[in-house]
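Below is target.txt, holding compact mmCIF, C-alpha atoms.
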```txt
# COMPACT_ATOMS: atom_id res chain seq x y z
CA MET A 20 96.46 -78.86 106.38
CA LYS A 21 97.77 -77.21 103.24
CA ARG A 22 97.42 -79.36 100.11
CA SER A 23 100.31 -79.74 97.75
CA ALA A 24 100.03 -78.47 94.20
CA PHE A 25 100.06 -82.06 92.85
CA GLY A 26 97.13 -83.11 94.98
CA ARG A 27 94.97 -80.20 93.90
CA ARG A 28 92.01 -80.94 91.65
CA ASN A 29 92.36 -79.79 88.04
CA ALA A 30 90.00 -76.83 87.63
CA ILE A 31 89.47 -77.43 83.89
CA LEU A 32 89.65 -81.16 83.33
CA SER A 33 88.76 -84.13 85.52
CA PRO A 34 91.53 -86.71 86.17
CA GLY A 35 89.93 -89.25 83.81
CA VAL A 36 89.70 -86.72 81.00
CA SER A 37 93.29 -85.57 81.65
CA ARG A 38 94.62 -89.14 81.43
CA ALA A 39 92.65 -89.87 78.24
CA GLY A 40 93.79 -86.56 76.76
CA ILE A 41 97.44 -87.29 77.53
CA ALA A 42 97.05 -90.76 76.00
CA LEU A 43 95.51 -89.22 72.88
CA ILE A 44 98.30 -86.65 72.55
CA PHE A 45 100.83 -89.49 72.93
CA ILE A 46 99.12 -91.53 70.16
CA VAL A 47 99.04 -88.55 67.79
CA VAL A 48 102.71 -87.64 68.42
CA ILE A 49 103.82 -91.24 67.89
CA THR A 50 101.80 -91.56 64.67
CA LEU A 51 103.16 -88.28 63.32
CA ALA A 52 106.70 -89.32 64.16
CA VAL A 53 106.20 -92.65 62.39
CA ARG A 54 104.73 -90.89 59.33
CA VAL A 55 107.79 -88.59 59.17
CA ILE A 56 110.56 -91.02 60.11
CA ALA A 57 109.29 -94.34 58.69
CA PRO A 58 106.27 -93.72 56.43
CA GLY A 59 106.27 -97.31 55.19
CA PHE A 60 105.44 -98.52 58.69
CA ILE A 61 102.02 -96.86 58.49
CA SER A 62 100.84 -99.48 55.98
CA THR A 63 102.28 -102.23 58.18
CA LEU A 64 100.33 -100.71 61.07
CA LEU A 65 97.12 -100.42 59.05
CA SER A 66 97.08 -103.81 57.30
CA PRO A 67 96.04 -106.00 60.29
CA PHE A 68 93.29 -103.51 61.13
CA SER A 69 92.16 -103.66 57.50
CA TYR A 70 91.60 -107.41 57.70
CA VAL A 71 89.79 -107.04 61.05
CA SER A 72 87.71 -104.23 59.58
CA GLN A 73 86.77 -106.33 56.54
CA GLY A 74 85.79 -109.19 58.81
CA ALA A 75 83.84 -106.94 61.16
CA LEU A 76 81.92 -105.23 58.37
CA SER A 77 81.11 -108.47 56.57
CA GLY A 78 80.19 -110.01 59.95
CA ILE A 79 77.77 -107.18 60.61
CA ALA A 80 76.34 -107.68 57.12
CA GLY A 81 76.10 -111.44 57.82
CA VAL A 82 74.24 -110.95 61.10
CA GLY A 83 71.96 -108.49 59.39
CA SER A 84 71.16 -110.99 56.64
CA VAL A 85 70.12 -113.60 59.25
CA VAL A 86 67.76 -111.13 60.88
CA THR A 87 66.43 -109.59 57.69
CA GLY A 88 66.12 -111.48 54.41
CA PRO A 89 66.02 -108.44 52.12
CA ALA A 90 69.40 -107.31 53.50
CA ALA A 91 71.00 -110.58 52.34
CA LEU A 92 69.39 -110.21 48.96
CA GLU A 93 70.69 -106.65 48.74
CA VAL A 94 74.25 -107.82 49.49
CA SER A 95 73.97 -110.49 46.77
CA LEU A 96 72.52 -107.95 44.37
CA THR A 97 75.36 -105.50 45.08
CA GLU A 98 77.95 -108.24 44.49
CA ALA A 99 76.25 -109.24 41.25
CA GLN A 100 76.06 -105.62 40.12
CA ASN A 101 79.76 -105.11 40.90
CA TYR A 102 80.60 -108.28 38.96
CA ALA A 103 78.46 -107.20 36.04
CA ALA A 104 80.03 -103.73 36.10
CA ALA A 105 83.51 -105.25 36.09
CA LEU A 106 82.59 -107.51 33.16
CA GLU A 107 81.06 -104.57 31.32
CA ALA A 108 84.21 -102.50 31.91
CA GLN A 109 86.37 -105.36 30.68
CA ASN A 110 84.15 -105.79 27.65
CA ARG A 111 84.34 -102.10 26.81
CA GLU A 112 88.10 -102.07 27.28
CA LEU A 113 88.48 -105.08 24.99
CA SER A 114 86.15 -103.54 22.44
CA ALA A 115 88.01 -100.22 22.51
CA ARG A 116 91.33 -102.02 22.24
CA MET A 117 90.07 -104.13 19.36
CA VAL A 118 88.89 -101.03 17.49
CA ASP A 119 92.21 -99.27 18.08
CA LEU A 120 94.22 -102.33 17.11
CA GLN A 121 92.17 -102.82 13.99
CA ALA A 122 92.92 -99.21 13.10
CA LEU A 123 96.61 -99.86 13.68
CA LEU A 124 96.51 -103.19 11.77
CA GLY A 125 97.62 -105.19 14.80
CA THR A 126 100.89 -103.50 15.53
CA ARG A 127 100.50 -104.15 19.25
CA THR A 128 98.89 -107.26 20.76
CA GLU A 129 100.81 -108.06 23.95
CA ALA A 130 99.09 -107.73 27.33
CA PRO A 131 100.30 -104.82 29.46
CA ALA A 132 102.41 -105.81 32.48
CA GLY A 133 101.72 -104.55 35.98
CA VAL A 134 102.21 -105.00 39.70
CA LEU A 135 99.33 -106.66 41.58
CA ALA A 136 98.73 -104.94 44.92
CA GLY A 137 96.31 -105.54 47.78
CA VAL A 138 94.28 -102.60 49.06
CA ILE A 139 94.93 -101.90 52.73
CA ALA A 140 92.63 -98.91 53.18
CA ARG A 141 89.91 -97.54 50.91
CA PRO A 142 86.97 -95.17 51.13
CA PRO A 143 84.92 -94.82 53.29
CA GLN A 144 87.57 -95.74 55.91
CA SER A 145 89.89 -93.30 54.22
CA PRO A 146 88.33 -89.83 54.56
CA TYR A 147 89.95 -88.74 51.31
CA ASP A 148 89.35 -90.51 48.02
CA THR A 149 92.60 -92.40 48.41
CA LEU A 150 93.70 -96.01 48.59
CA ILE A 151 96.65 -97.37 50.54
CA ILE A 152 98.14 -100.39 48.76
CA ASP A 153 100.64 -102.94 50.00
CA GLN A 154 103.24 -102.63 47.23
CA GLY A 155 105.85 -99.88 47.06
CA SER A 156 109.03 -98.89 45.32
CA ASP A 157 110.61 -102.29 46.11
CA ALA A 158 108.04 -103.88 43.77
CA GLY A 159 108.52 -101.26 41.06
CA VAL A 160 105.67 -98.93 41.96
CA GLY A 161 106.47 -95.32 41.04
CA VAL A 162 104.80 -91.96 41.58
CA GLY A 163 102.36 -91.13 38.80
CA ALA A 164 101.83 -94.75 37.74
CA ALA A 165 98.32 -95.59 36.56
CA VAL A 166 96.28 -97.90 38.80
CA SER A 167 93.45 -100.07 37.53
CA GLY A 168 90.85 -102.26 39.19
CA ARG A 169 88.93 -105.32 38.06
CA GLY A 170 88.51 -105.60 34.34
CA GLY A 171 91.30 -103.13 33.72
CA SER A 172 89.06 -100.23 34.66
CA PRO A 173 91.27 -97.24 35.62
CA VAL A 174 90.83 -95.98 39.19
CA GLY A 175 93.62 -93.46 39.83
CA THR A 176 97.31 -92.72 39.96
CA VAL A 177 100.02 -93.26 42.56
CA ALA A 178 100.47 -90.08 44.63
CA SER A 179 103.26 -91.13 46.99
CA VAL A 180 105.40 -94.22 47.49
CA THR A 181 107.39 -95.80 50.29
CA THR A 182 109.45 -98.95 49.98
CA SER A 183 106.54 -101.21 50.95
CA SER A 184 103.38 -99.22 50.34
CA ALA A 185 101.86 -96.50 48.22
CA ARG A 186 99.02 -94.01 48.33
CA VAL A 187 96.75 -93.94 45.30
CA LEU A 188 94.74 -90.82 44.52
CA LEU A 189 91.51 -91.82 42.81
CA TYR A 190 90.39 -90.01 39.66
CA SER A 191 87.16 -89.25 41.51
CA ALA A 192 88.93 -87.39 44.36
CA PRO A 193 87.07 -84.14 45.00
CA ASP A 194 88.09 -81.35 42.57
CA ARG A 195 90.60 -83.55 40.74
CA ILE A 196 90.65 -82.72 37.04
CA THR A 197 90.87 -85.59 34.54
CA GLU A 198 90.91 -85.26 30.79
CA ALA A 199 88.63 -87.84 29.20
CA TRP A 200 86.79 -88.80 26.03
CA LEU A 201 83.12 -89.41 25.65
CA GLY A 202 81.47 -92.06 23.52
CA GLU A 203 82.75 -93.90 20.53
CA ASN A 204 83.50 -90.61 18.75
CA ARG A 205 85.95 -89.73 21.56
CA THR A 206 84.51 -86.27 22.23
CA PRO A 207 86.94 -84.51 24.62
CA LEU A 208 85.57 -83.91 28.12
CA THR A 209 87.13 -82.44 31.28
CA LEU A 210 85.94 -84.40 34.31
CA THR A 211 85.96 -82.98 37.83
CA GLY A 212 85.99 -85.50 40.68
CA ASP A 213 83.03 -85.40 43.05
CA GLY A 214 84.23 -88.16 45.38
CA ALA A 215 83.11 -91.78 45.84
CA GLY A 216 83.56 -92.73 42.19
CA ALA A 217 81.46 -89.86 40.83
CA PHE A 218 82.43 -87.17 38.33
CA SER A 219 80.82 -84.16 36.74
CA ALA A 220 81.70 -82.21 33.62
CA GLU A 221 80.40 -79.33 31.58
CA ALA A 222 79.83 -79.80 27.88
CA PRO A 223 78.29 -77.73 25.11
CA ARG A 224 74.60 -78.32 24.53
CA GLU A 225 75.32 -79.27 20.91
CA ALA A 226 77.35 -82.29 22.02
CA MET A 227 74.09 -84.34 22.28
CA ILE A 228 75.28 -86.47 25.20
CA ALA A 229 72.99 -89.31 26.26
CA VAL A 230 72.73 -91.32 29.45
CA GLY A 231 74.57 -94.63 29.17
CA GLU A 232 77.42 -93.38 26.99
CA ALA A 233 80.85 -94.63 28.02
CA VAL A 234 83.63 -92.31 29.18
CA TYR A 235 87.25 -93.18 28.43
CA VAL A 236 90.59 -91.90 29.73
CA PRO A 237 93.86 -92.00 27.82
CA GLY A 238 96.10 -94.89 28.74
CA PRO A 239 97.54 -97.59 26.60
CA GLY A 240 94.81 -96.88 24.04
CA SER A 241 91.59 -95.67 25.60
CA LEU A 242 90.49 -97.12 28.92
CA PRO A 243 86.83 -97.15 29.99
CA LEU A 244 86.46 -95.05 33.15
CA GLY A 245 82.72 -94.95 33.65
CA VAL A 246 79.32 -94.26 32.23
CA VAL A 247 77.10 -91.18 31.96
CA THR A 248 74.37 -91.53 34.57
CA ARG A 249 72.63 -88.17 34.33
CA VAL A 250 72.60 -85.08 32.13
CA ASP A 251 71.40 -81.82 33.70
CA SER A 252 70.20 -79.26 31.22
CA ASP A 253 69.21 -75.68 32.02
CA PRO A 254 67.42 -73.93 29.12
CA SER A 255 69.06 -70.61 30.04
CA SER A 256 72.57 -72.04 29.91
CA PRO A 257 74.60 -72.80 26.77
CA THR A 258 76.20 -75.77 28.54
CA ILE A 259 74.93 -78.96 30.12
CA VAL A 260 76.27 -80.73 33.19
CA VAL A 261 77.17 -84.38 32.67
CA HIS A 262 77.31 -86.73 35.67
CA VAL A 263 79.50 -89.80 35.34
CA GLN A 264 79.84 -92.84 37.61
CA SER A 265 83.01 -94.92 37.44
CA TYR A 266 82.84 -98.63 36.65
CA ALA A 267 85.14 -99.42 39.57
CA ASN A 268 83.40 -99.06 42.91
CA PRO A 269 86.05 -97.54 45.25
CA PHE A 270 84.25 -98.95 48.30
CA THR A 271 84.78 -102.56 47.23
CA LEU A 272 88.28 -102.46 45.72
CA THR A 273 90.40 -105.24 47.19
CA TRP A 274 93.05 -105.75 44.52
CA VAL A 275 94.46 -103.32 42.00
CA THR A 276 97.07 -103.44 39.26
CA VAL A 277 99.75 -100.77 39.11
CA ALA A 278 101.18 -100.08 35.68
CA PRO A 279 104.96 -100.15 35.40
CA PRO A 280 106.74 -96.82 34.81
CA VAL A 281 107.05 -95.82 31.18
CA ILE A 282 110.70 -95.50 30.23
CA LEU A 283 111.24 -93.19 27.29
CA PRO A 284 114.37 -93.49 25.17
CA MET B 19 83.37 -93.49 81.11
CA ARG B 20 84.54 -90.16 79.66
CA SER B 21 87.92 -91.65 78.81
CA ILE B 22 86.19 -94.31 76.69
CA PHE B 23 84.33 -91.66 74.70
CA ILE B 24 87.53 -89.62 74.23
CA LEU B 25 89.59 -92.58 72.99
CA ALA B 26 86.81 -94.38 71.04
CA PRO B 27 87.64 -92.61 67.73
CA VAL B 28 91.12 -94.23 67.68
CA PRO B 29 89.90 -97.75 66.75
CA ALA B 30 87.05 -96.24 64.74
CA LEU B 31 89.59 -94.46 62.51
CA LEU B 32 91.19 -97.80 61.68
CA LEU B 33 88.14 -100.06 61.57
CA PHE B 34 85.02 -98.17 60.60
CA PRO B 35 83.85 -95.76 57.87
CA ALA B 36 84.94 -92.14 58.18
CA PRO B 37 81.45 -90.69 58.95
CA PHE B 38 81.21 -92.91 62.04
CA PHE B 39 84.67 -91.73 63.11
CA MET B 40 83.58 -88.08 62.64
CA VAL B 41 80.54 -88.56 64.89
CA LEU B 42 82.73 -90.05 67.62
CA VAL B 43 85.21 -87.17 67.24
CA ALA B 44 82.38 -84.66 67.67
CA VAL B 45 81.38 -86.36 70.93
CA ALA B 46 85.02 -86.56 72.08
CA ALA B 47 85.54 -82.86 71.30
CA VAL B 48 82.69 -81.93 73.65
CA LEU B 49 84.32 -83.89 76.50
CA PHE B 50 87.89 -82.86 75.61
CA PRO B 51 87.98 -79.95 73.12
CA PRO B 52 91.59 -80.48 71.85
CA ALA B 53 90.48 -83.95 70.69
CA GLY B 54 89.09 -82.45 67.46
CA VAL B 55 92.42 -81.04 66.34
CA LEU B 56 94.31 -84.09 67.54
CA TYR B 57 92.07 -86.54 65.67
CA GLY B 58 92.28 -84.33 62.57
CA ILE B 59 96.07 -84.53 62.67
CA LEU B 60 95.86 -88.30 63.25
CA ALA B 61 93.51 -88.82 60.28
CA ASP B 62 95.73 -86.75 58.00
CA ALA B 63 98.86 -88.57 59.19
CA LEU B 64 97.27 -91.88 58.24
CA TYR B 65 95.32 -91.12 55.07
CA PHE B 66 96.35 -87.81 53.49
CA ALA B 67 98.03 -88.15 50.09
CA PRO B 68 99.68 -85.41 48.03
CA GLY B 69 97.13 -83.95 45.65
CA ALA B 70 94.16 -85.28 47.58
CA ALA B 71 93.27 -81.73 48.66
CA THR B 72 94.86 -78.29 48.63
CA VAL B 73 94.69 -78.17 52.42
CA PRO B 74 94.50 -81.13 54.81
CA HIS B 75 90.78 -81.38 55.52
CA GLY B 76 91.28 -83.40 58.69
CA ILE B 77 93.04 -80.56 60.49
CA ILE B 78 90.53 -77.96 59.23
CA TYR B 79 87.45 -79.96 60.24
CA GLY B 80 89.18 -81.07 63.45
CA THR B 81 89.80 -77.45 64.43
CA ALA B 82 86.14 -76.67 63.73
CA ALA B 83 85.15 -79.63 65.91
CA SER B 84 87.42 -78.37 68.68
CA VAL B 85 85.94 -74.86 68.58
CA GLY B 86 82.40 -76.27 68.53
CA GLY B 87 83.27 -78.71 71.31
CA LEU B 88 84.72 -75.93 73.42
CA LEU B 89 81.59 -73.79 73.07
CA ILE B 90 79.27 -76.71 73.85
CA SER B 91 81.37 -77.92 76.79
CA ARG B 92 81.39 -74.41 78.30
CA PHE B 93 77.66 -74.15 77.81
CA LEU B 94 77.06 -77.53 79.43
CA SER B 95 79.52 -77.06 82.29
CA THR B 96 77.60 -74.01 83.52
CA ARG B 97 74.22 -75.75 83.33
CA VAL B 98 74.68 -79.48 83.82
CA THR B 99 76.07 -80.61 87.17
CA TRP B 100 77.26 -84.01 85.90
CA PHE B 101 79.23 -82.40 83.10
CA SER B 102 81.12 -79.98 85.35
CA ARG B 103 82.25 -82.74 87.75
```

Let me see the structure of the file written as structure tokens.
Amino acid sequence: MKRSAFGRRNAILSPGVSRAGIALIFIVVITLAVRVIAPGFISTLLSPFSYVSQGALSGIAGVGSVVTGPAALEVSLTEAQNYAAALEAQNRELSARMVDLQALLGTRTEAPAGVLAGVIARPPQSPYDTLIIDQGSDAGVGVGAAVSGRGGSPVGTVASVTTSSARVLLYSAPDRITEAWLGENRTPLTLTGDGAGAFSAEAPREAMIAVGEAVYVPGPGSLPLGVVTRVDSDPSSPTIVVHVQSYANPFTLTWVTVAPPVILP
Amino acid sequence: MRSIFILAPVPALLLFPAPFFMVLVAVAAVLFPPAGVLYGILADALYFAPGAATVPHGIIYGTAASVGGLLISRFLSTRVTWFSR
């Protein structure tokens, strides 16, 4: 008996693979359509998964700590280090602000305002060095606004906004250029993002840069971005390569503050 | 069983770190070569932000995964009976 064309076996793909492939194509088309038609819905879609993801990852860490004691200690140590880094960043920011204000004889003392936003997606879930936050243009978030983490440590700027969410591009995004200052003398430095909170920069050998020096970015005053962790020096080169690690760990950011737009007269 | 491997990167993209997602995509691309490109588009649709890169990396790497997956799947389908079923 002659078989119909529909009953014939697919020569390239098995039926299971075909069904899964069609389902995958359907998912991709729907997601693309949502991104184009209603981009704000993406954050609504992602936020429940974010909470599940947080729970799952901390659950895995919890199970691991029961099985292995050192793992639990490592988690506690990481938390303590993050807390200490946040306090250090806050301390540096306050110190820098105090120095600037003393130079200006106290012409500005009010705390900067901002929009508090929860982080829906962060690295390493996000393949790019981006954050998705749960506040958008309805809350006053605008493109280009500065975003800071715990202790007022700057983390990036808003790259795109919908009514209920925004994408934040971290300063450490690969190949992103950020103008910064180094040390208390505010030596200018051009940082290039290396991803995951790391930066590198070239500086003249005569700059005498030491490990542990703070790096600042312009903001309201000077804001502490990170600290010099390594200096690579090649005797045949007139420049040195400075490696900087940000105070804010992008992998553990849960809340950020978005600066309000600056309105010029 | 193959369907599970092909669709496994979907929850991984939302729940787990990106490297884990990339490993699953590589496996899925061997079983269903267009999966690489499709997952690249999906990752960019969810996470790409203006200025994050000059070109969307998800689509570029996804295409590479698809090409690699196609070569491996062709290699396996001529040598492994289970794979060609």

How many Å lie between atom CA of B:Val48 and atom CA of B:Arg20, rounded to one decimal? 10.4 Å

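Minimum distance to chain A across B:Phe93, B:Tyr79, B:Phe101, B:Tyr65 (counting all atoms listed in the file) occurs at B:Tyr65.
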
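Of the listed residues B:Pro74, B:Ala67, B:Thr96, B:Gly80, the one whose atoms come nearest to B:Val43 is B:Gly80, with distances taken using all atoms listed in the file.
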
Find the smallest box with edges along x, y and z containing every listed atom of stretch 55-73 of chain A, then add 3 Å on each side and report centre and edge lengths in Å to one decimal, as AutoDock Vina command-line options.
```
--center_x 98.7 --center_y -98.0 --center_z 58.2 --size_x 29.8 --size_y 24.8 --size_z 11.9
```

Considering all atoms listed in the file, extract the chain B residues located within 9 Å of chain A and return them as a VMD selection string. chain B and resid 19 to 22 24 to 25 28 to 37 39 49 to 50 52 to 53 56 to 57 59 to 71 75 to 76 102 to 103

Nearest to A:Arg224 among A:Gly245, A:Gly238, A:Pro269, A:Pro254, with distances taken over only C-alpha atoms: which residue is it? A:Pro254

For the atom pair atom CA of A:Gly163 and atom CA of A:Ser191, what is the interatomic distance in Å to one decimal place? 15.6 Å

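One finds atom CA of B:Ala83 at 7.4 Å from atom CA of B:Val55.
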
Final N, CA and C atoms of stretch 185-200 of chain A as a short mmCIF file (atom, residue, chain, number, x, y, z; two decimals), keeping the file's coordinate frame:
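Written output follows (out-v2.cif):
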```cif
data_model
loop_
_atom_site.label_atom_id
_atom_site.label_comp_id
_atom_site.auth_asym_id
_atom_site.auth_seq_id
_atom_site.Cartn_x
_atom_site.Cartn_y
_atom_site.Cartn_z
N ALA A 185 102.07 -97.69 49.05
CA ALA A 185 101.86 -96.50 48.22
C ALA A 185 100.46 -95.95 48.46
N ARG A 186 100.33 -94.66 48.25
CA ARG A 186 99.02 -94.01 48.33
C ARG A 186 98.55 -93.72 46.92
N VAL A 187 97.32 -94.13 46.64
CA VAL A 187 96.75 -93.94 45.30
C VAL A 187 95.65 -92.88 45.39
N LEU A 188 95.77 -91.86 44.57
CA LEU A 188 94.74 -90.82 44.52
C LEU A 188 93.77 -91.19 43.41
N LEU A 189 92.50 -91.40 43.79
CA LEU A 189 91.51 -91.82 42.81
C LEU A 189 91.18 -90.67 41.85
N TYR A 190 90.80 -91.04 40.63
CA TYR A 190 90.39 -90.01 39.66
C TYR A 190 89.19 -89.23 40.19
N SER A 191 88.39 -89.90 41.03
CA SER A 191 87.16 -89.25 41.51
C SER A 191 87.39 -88.41 42.76
N ALA A 192 88.66 -88.22 43.18
CA ALA A 192 88.93 -87.39 44.36
C ALA A 192 88.34 -86.00 44.15
N PRO A 193 87.73 -85.43 45.18
CA PRO A 193 87.07 -84.14 45.00
C PRO A 193 87.97 -83.09 44.35
N ASP A 194 87.44 -82.45 43.31
CA ASP A 194 88.09 -81.35 42.57
C ASP A 194 89.27 -81.81 41.71
N ARG A 195 89.53 -83.10 41.62
CA ARG A 195 90.60 -83.55 40.74
C ARG A 195 90.13 -83.47 39.28
N ILE A 196 90.98 -82.91 38.45
CA ILE A 196 90.65 -82.72 37.04
C ILE A 196 91.23 -83.88 36.23
N THR A 197 90.42 -84.49 35.40
CA THR A 197 90.87 -85.59 34.54
C THR A 197 90.38 -85.34 33.12
N GLU A 198 91.30 -85.40 32.20
CA GLU A 198 90.91 -85.26 30.79
C GLU A 198 90.40 -86.61 30.29
N ALA A 199 89.26 -86.59 29.62
CA ALA A 199 88.63 -87.84 29.20
C ALA A 199 88.01 -87.67 27.81
N TRP A 200 87.53 -88.79 27.29
CA TRP A 200 86.79 -88.80 26.03
C TRP A 200 85.42 -89.38 26.28
#
```
